[in-house]
Amino acid sequence: MNPASVMKLVTVFAALDLLGPAHVWRTTVHTDAPVRDGVLQGHLYLKGGGDPKLVSEKLWLLMRRVQALGIARVAGDIVIDRSAFDVPAIDPGAFDGEPLRPYNATPDALLVNFKAQVFQFVPDPVAGVARVGMEPPLAGVQVPAQVPLTGGPCNDWRASLRADFADATRPRFAGAYPASCGERIWPLAHPEPERMTARAVQGMWEALGGRLDGQVRTGVTPPGAVERLALESPPLTEVVRDVNKFSNNVMAQHLLLALAQGPDRPATFEAARDRIAQWWGLRLGPTVPAPRIDNGAGLSRDARTTAAALARLLQVAYVSPMMPELMSSLPASGLDGTLRRSAMGTGVAHLKTGSLRDVQALAGYVHRPDGQRLVLVAIVNHPNARAARPALDALVQWAAQR
């Protein structure tokens with residue numbers, strides 16, 4: 001069956017088991033020329049290592065550390081090195097025709113802010129407007145400073161803005177913002193995802209007062225360039241919480257690719273799937289059918305597994321040293337993540353959720369009052385799968401009380 005995002009359990013446990021909870025990704029900065037009077041006489045190279053959580057704040061820190069090297073101006077170019085990944089170009093709208101949805105972001109060895117631009121709307125009742133901001137700053141992208149405020153309830157406030165993103169460099173809001181909404185944020189995938197990293201790097205560099213004589217472009221770090229600094233990602237044990245709690249698809253894909261990364265070879269999906277297949281056979285044995293993995297995130301029409309295979313995976317994980325990391329990464333029912341508003345009961349289970357237009361799925365651990373824990377897997381594949389949600393909630397409640 002298609003498990004949707006429940007497939008992330010396979011990716012996450014494999015990553016924890018093979019890479020270890022302390023695994024980190026490195027983003028490195030290199031130069032090919034000396035610095036004189038604050039001016040780098042050549043190019044500045046940013047080499048991505050596949051960090052799945054290089055968010056706006058970390059990009060700010062990276063640029064500040066570059067300036068701490070004494071570089072205030074780059075006489076050449078800023079070169080973005082994505083050579084750690086060898087993945088095909090993927091149309092972010094191919095899956096469901098929603099290219100601006102952040103969940104459709106595609107992998108990038110130098111992934112910035114999940115390829116998402118985040119708009120902030122802050123009401124200013126005295127001025128009668130909502131102030132508009134955007135993170136990270138993107139070079140060449142002009143955002144309206146404000147939109148009019150309107151009365152009424154905060155219902156579909158995004159629709160009331162009448163947004164137009166046809167021009168990636170000039171987003172427009174032709175409507176108004178309900179004052180009753182208070183402060184809100186709206187994450188959106190950048191309409192030109194292939195240019196997101198370059199615009200974010202240049203935008204952040206200039207926002208910090210840095211000067212650039214050349215341009216930001218894609219390239220490869222030459223062998224003679226000197227590594228000047230490295231910025232590490234959070235450890236894997238923290239990353240998997242974001243992957244599972246909030247079902248982050250692009251981070252899951254980066255976890256899968258990390259299984260195939262090596263110092264002398266770029267990571268490919270094919271090599272990563274091969275490594276998981278080998279690991280599965282060793283960990284679960286030849287009698288448990290291996291899953292058919294696409295991108296490791298479950299955002300796929302082709303991914304397949306069985307409920308029994310997932311149940312066995314969860315049993316193996318439970319007696320492994322990685323059990324605490326895996327279980328704590330799962331949404332807690334009624335408390336956080338994708339189960340924050342669940343009606344199944346507060347804290348009765350740690351479960352990964354999965355949802356597509358024709359899929360509803362749950363898999364994880366149910367906690368009984370007597371201290372026992374049960375493995376639970378439920379997958380519904382049906383054109384009206386959403387109607388099964390109350391039944392899945394009831395199943396968890398029954399398991400927790402039986």
# chains A, B, ... in the order shown; residues from 1 in each chain; ligands from 1
$ residues_around --residues "region 229-243 of chain A" --least-positions-apart "4" --cutoff "7 Å" --atoms "only C-alpha atoms" --output "list of chain:residue names"
A:Val12, A:Pro21, A:Ala22, A:His23, A:Val24, A:Trp25, A:Arg26, A:Thr27, A:Thr28, A:Val29, A:Asp51, A:Lys53, A:Leu62, A:Ser247, A:Asn248, A:Met251, A:Ala252, A:Glu325, A:Ser329, A:Leu330
$ residues_around --residues "Thr353 (chain A)" --least-positions-apart "4" --cutoff "9 Å" --atoms "only C-alpha atoms" --output "MDAnalysis selection string"
chainID A and resid 4:6 244:245 247 330:331 338:339 360:364
$ closest_atom_pairs --of "region 169-271 of chain A" --to "region 291-296 of chain A" --cutoff "7 Å" --atoms "only C-alpha atoms" --output "Markdown table"
| residue | atom | partner | partner_atom | distance |
| --- | --- | --- | --- | --- |
| A:Ala252 | CA | A:Gly296 | CA | 6.1 |
| A:Gln253 | CA | A:Gly296 | CA | 5.5 |
| A:Leu256 | CA | A:Gly296 | CA | 5.8 |
| A:Phe269 | CA | A:Asn295 | CA | 6.9 |
$ write_last_selection --atoms "C-alpha atoms" --output "mmCIF file, in the first residue's frame"
data_model
loop_
_atom_site.group_PDB
_atom_site.id
_atom_site.type_symbol
_atom_site.label_atom_id
_atom_site.label_comp_id
_atom_site.auth_asym_id
_atom_site.auth_seq_id
_atom_site.Cartn_x
_atom_site.Cartn_y
_atom_site.Cartn_z
ATOM 1 C CA ALA A 252 13.516 13.691 4.736
ATOM 2 C CA GLN A 253 14.931 13.650 1.206
ATOM 3 C CA LEU A 256 17.952 9.744 2.395
ATOM 4 C CA PHE A 269 18.744 8.796 -4.876
#
$ residues_around --residues "Asp393 (chain A)" --least-positions-apart "4" --cutoff "9 Å" --atoms "only C-alpha atoms" --output "VMD selection string"
chain A and resid 342 to 345 388 to 389 397 to 398
$ write_last_selection --atoms "N, CA and C atoms" --output "short mmCIF file (atom, residue, chain, number, x, y, z; two decimals), in the first residue's frame"
data_model
loop_
_atom_site.label_atom_id
_atom_site.label_comp_id
_atom_site.auth_asym_id
_atom_site.auth_seq_id
_atom_site.Cartn_x
_atom_site.Cartn_y
_atom_site.Cartn_z
N SER A 342 -5.13 16.45 17.55
CA SER A 342 -5.76 15.14 17.46
C SER A 342 -6.78 14.91 18.57
N ALA A 343 -7.84 14.20 18.21
CA ALA A 343 -8.89 13.89 19.18
C ALA A 343 -8.71 12.50 19.77
N MET A 344 -7.60 11.83 19.49
CA MET A 344 -7.44 10.45 19.93
C MET A 344 -7.08 10.34 21.42
N GLY A 345 -6.70 11.46 22.04
CA GLY A 345 -6.35 11.44 23.45
C GLY A 345 -4.98 12.03 23.69
N ALA A 388 -11.74 8.30 6.81
CA ALA A 388 -11.32 7.29 7.79
C ALA A 388 -10.70 7.88 9.04
N ARG A 389 -10.49 9.20 9.08
CA ARG A 389 -9.81 9.78 10.23
C ARG A 389 -10.47 9.45 11.56
N GLN A 397 -7.51 4.89 20.33
CA GLN A 397 -8.13 4.91 21.66
C GLN A 397 -8.40 3.50 22.16
N TRP A 398 -8.88 2.65 21.26
CA TRP A 398 -9.13 1.24 21.63
C TRP A 398 -7.84 0.54 22.02
#
$ residues_around --residues "Arg195 (chain A)" --least-positions-apart "5" --cutoff "12 Å" --atoms "only C-alpha atoms" --output "list of chain:residue names"
A:Ile80, A:Asp108, A:Leu110, A:Leu111, A:Val112, A:Lys115, A:Ala116, A:Leu138, A:Ala139, A:Gly140, A:Val141, A:Ala168, A:Thr169, A:Ala189, A:His190, A:Ala200, A:Val201, A:Gln202, A:Gly203, A:Val216, A:Arg217, A:Thr218
$ select_by_dssp --residues "region 14-253 of chain A" --states "alpha helix (DSSP H)" --output "ChimeraX atom specification"
/A:14-19,56-68,157-160,196-207,236-245,249-253
$ closest_residue --among "A:Pro266, A:Pro136, A:Gly128, A:Pro286" --to "Ala179 (chain A)" --atoms "only C-alpha atoms"
A:Gly128
$ decode --residues "region 78-171 of chain A" --atoms "C-alpha atoms" --output "PDB file, in the first residue's frame"
ATOM      1  CA  ILE A  78      30.186  34.352  -4.764  1.00  0.00           C
ATOM      2  CA  VAL A  79      30.109  30.792  -6.088  1.00  0.00           C
ATOM      3  CA  ILE A  80      27.484  28.324  -4.855  1.00  0.00           C
ATOM      4  CA  ASP A  81      28.829  24.767  -4.945  1.00  0.00           C
ATOM      5  CA  ARG A  82      26.046  22.160  -5.053  1.00  0.00           C
ATOM      6  CA  SER A  83      28.251  19.269  -6.162  1.00  0.00           C
ATOM      7  CA  ALA A  84      27.574  17.176  -3.030  1.00  0.00           C
ATOM      8  CA  PHE A  85      24.245  16.104  -4.585  1.00  0.00           C
ATOM      9  CA  ASP A  86      23.628  14.677  -8.028  1.00  0.00           C
ATOM     10  CA  VAL A  87      19.852  14.784  -8.272  1.00  0.00           C
ATOM     11  CA  PRO A  88      17.741  15.350 -11.376  1.00  0.00           C
ATOM     12  CA  ALA A  89      15.881  18.594 -11.868  1.00  0.00           C
ATOM     13  CA  ILE A  90      12.403  18.165 -10.393  1.00  0.00           C
ATOM     14  CA  ASP A  91       9.419  20.354 -11.172  1.00  0.00           C
ATOM     15  CA  PRO A  92       8.010  21.287  -7.726  1.00  0.00           C
ATOM     16  CA  GLY A  93       4.522  21.430  -9.228  1.00  0.00           C
ATOM     17  CA  ALA A  94       4.702  17.986 -10.811  1.00  0.00           C
ATOM     18  CA  PHE A  95       3.291  16.110  -7.808  1.00  0.00           C
ATOM     19  CA  ASP A  96       0.004  17.947  -7.344  1.00  0.00           C
ATOM     20  CA  GLY A  97       0.144  21.164  -9.355  1.00  0.00           C
ATOM     21  CA  GLU A  98       0.976  23.247  -6.251  1.00  0.00           C
ATOM     22  CA  PRO A  99       4.522  24.571  -6.861  1.00  0.00           C
ATOM     23  CA  LEU A 100       4.237  27.271  -4.164  1.00  0.00           C
ATOM     24  CA  ARG A 101       3.471  24.799  -1.375  1.00  0.00           C
ATOM     25  CA  PRO A 102       6.577  24.421   0.828  1.00  0.00           C
ATOM     26  CA  TYR A 103       6.018  20.677   1.113  1.00  0.00           C
ATOM     27  CA  ASN A 104       6.907  20.375  -2.591  1.00  0.00           C
ATOM     28  CA  ALA A 105      10.427  21.815  -2.164  1.00  0.00           C
ATOM     29  CA  THR A 106      13.150  19.741  -3.801  1.00  0.00           C
ATOM     30  CA  PRO A 107      16.624  18.796  -2.462  1.00  0.00           C
ATOM     31  CA  ASP A 108      19.613  21.095  -2.851  1.00  0.00           C
ATOM     32  CA  ALA A 109      23.112  20.573  -1.464  1.00  0.00           C
ATOM     33  CA  LEU A 110      22.989  24.236  -0.404  1.00  0.00           C
ATOM     34  CA  LEU A 111      19.366  24.370   0.699  1.00  0.00           C
ATOM     35  CA  VAL A 112      18.424  27.753   2.202  1.00  0.00           C
ATOM     36  CA  ASN A 113      15.311  28.045   4.386  1.00  0.00           C
ATOM     37  CA  PHE A 114      13.743  24.974   2.738  1.00  0.00           C
ATOM     38  CA  LYS A 115      13.501  27.083  -0.470  1.00  0.00           C
ATOM     39  CA  ALA A 116      10.722  29.028   1.241  1.00  0.00           C
ATOM     40  CA  GLN A 117      10.152  32.759   1.516  1.00  0.00           C
ATOM     41  CA  VAL A 118       8.225  33.640   4.667  1.00  0.00           C
ATOM     42  CA  PHE A 119       5.981  36.708   4.633  1.00  0.00           C
ATOM     43  CA  GLN A 120       5.127  38.413   7.932  1.00  0.00           C
ATOM     44  CA  PHE A 121       1.998  40.515   8.451  1.00  0.00           C
ATOM     45  CA  VAL A 122       1.894  42.775  11.545  1.00  0.00           C
ATOM     46  CA  PRO A 123      -1.184  44.985  12.065  1.00  0.00           C
ATOM     47  CA  ASP A 124      -0.640  48.691  12.790  1.00  0.00           C
ATOM     48  CA  PRO A 125      -4.166  49.855  13.748  1.00  0.00           C
ATOM     49  CA  VAL A 126      -3.115  53.479  14.182  1.00  0.00           C
ATOM     50  CA  ALA A 127      -1.850  53.678  10.609  1.00  0.00           C
ATOM     51  CA  GLY A 128      -4.648  51.451   9.310  1.00  0.00           C
ATOM     52  CA  VAL A 129      -2.237  49.043   7.631  1.00  0.00           C
ATOM     53  CA  ALA A 130      -0.473  45.757   8.183  1.00  0.00           C
ATOM     54  CA  ARG A 131       3.304  45.984   7.878  1.00  0.00           C
ATOM     55  CA  VAL A 132       4.754  43.377   5.515  1.00  0.00           C
ATOM     56  CA  GLY A 133       8.161  41.765   5.881  1.00  0.00           C
ATOM     57  CA  MET A 134       9.924  38.809   4.305  1.00  0.00           C
ATOM     58  CA  GLU A 135      12.622  36.388   5.430  1.00  0.00           C
ATOM     59  CA  PRO A 136      15.196  35.732   4.244  1.00  0.00           C
ATOM     60  CA  PRO A 137      15.960  38.926   2.317  1.00  0.00           C
ATOM     61  CA  LEU A 138      16.134  38.063  -1.389  1.00  0.00           C
ATOM     62  CA  ALA A 139      18.237  40.155  -3.748  1.00  0.00           C
ATOM     63  CA  GLY A 140      16.132  41.705  -6.482  1.00  0.00           C
ATOM     64  CA  VAL A 141      12.805  40.846  -4.834  1.00  0.00           C
ATOM     65  CA  GLN A 142      10.683  43.875  -3.935  1.00  0.00           C
ATOM     66  CA  VAL A 143       7.983  43.248  -1.325  1.00  0.00           C
ATOM     67  CA  PRO A 144       5.161  45.738  -0.613  1.00  0.00           C
ATOM     68  CA  ALA A 145       5.863  47.530   2.656  1.00  0.00           C
ATOM     69  CA  GLN A 146       2.237  47.405   3.766  1.00  0.00           C
ATOM     70  CA  VAL A 147      -1.314  46.356   2.939  1.00  0.00           C
ATOM     71  CA  PRO A 148      -4.583  47.970   4.105  1.00  0.00           C
ATOM     72  CA  LEU A 149      -6.296  46.653   7.202  1.00  0.00           C
ATOM     73  CA  THR A 150      -9.881  45.475   7.070  1.00  0.00           C
ATOM     74  CA  GLY A 151     -12.492  44.569   9.666  1.00  0.00           C
ATOM     75  CA  GLY A 152     -14.338  41.331  10.159  1.00  0.00           C
ATOM     76  CA  PRO A 153     -13.326  37.898  11.398  1.00  0.00           C
ATOM     77  CA  CYS A 154     -10.018  36.210  10.655  1.00  0.00           C
ATOM     78  CA  ASN A 155     -11.282  33.488   8.375  1.00  0.00           C
ATOM     79  CA  ASP A 156      -9.535  32.904   5.051  1.00  0.00           C
ATOM     80  CA  TRP A 157      -7.101  35.784   5.533  1.00  0.00           C
ATOM     81  CA  ARG A 158      -4.762  34.558   2.816  1.00  0.00           C
ATOM     82  CA  ALA A 159      -7.537  34.751   0.229  1.00  0.00           C
ATOM     83  CA  SER A 160      -8.465  38.251   1.415  1.00  0.00           C
ATOM     84  CA  LEU A 161      -4.925  39.415   0.569  1.00  0.00           C
ATOM     85  CA  ARG A 162      -5.557  38.613  -3.123  1.00  0.00           C
ATOM     86  CA  ALA A 163      -1.913  37.693  -3.592  1.00  0.00           C
ATOM     87  CA  ASP A 164      -0.250  37.497  -6.982  1.00  0.00           C
ATOM     88  CA  PHE A 165       3.095  35.705  -7.286  1.00  0.00           C
ATOM     89  CA  ALA A 166       3.242  35.569 -11.084  1.00  0.00           C
ATOM     90  CA  ASP A 167       6.331  37.789 -10.980  1.00  0.00           C
ATOM     91  CA  ALA A 168       8.806  36.131  -8.620  1.00  0.00           C
ATOM     92  CA  THR A 169      10.619  39.433  -8.035  1.00  0.00           C
ATOM     93  CA  ARG A 170       7.507  41.523  -7.309  1.00  0.00           C
ATOM     94  CA  PRO A 171       4.923  39.742  -5.159  1.00  0.00           C
TER      95      PRO A 171
END
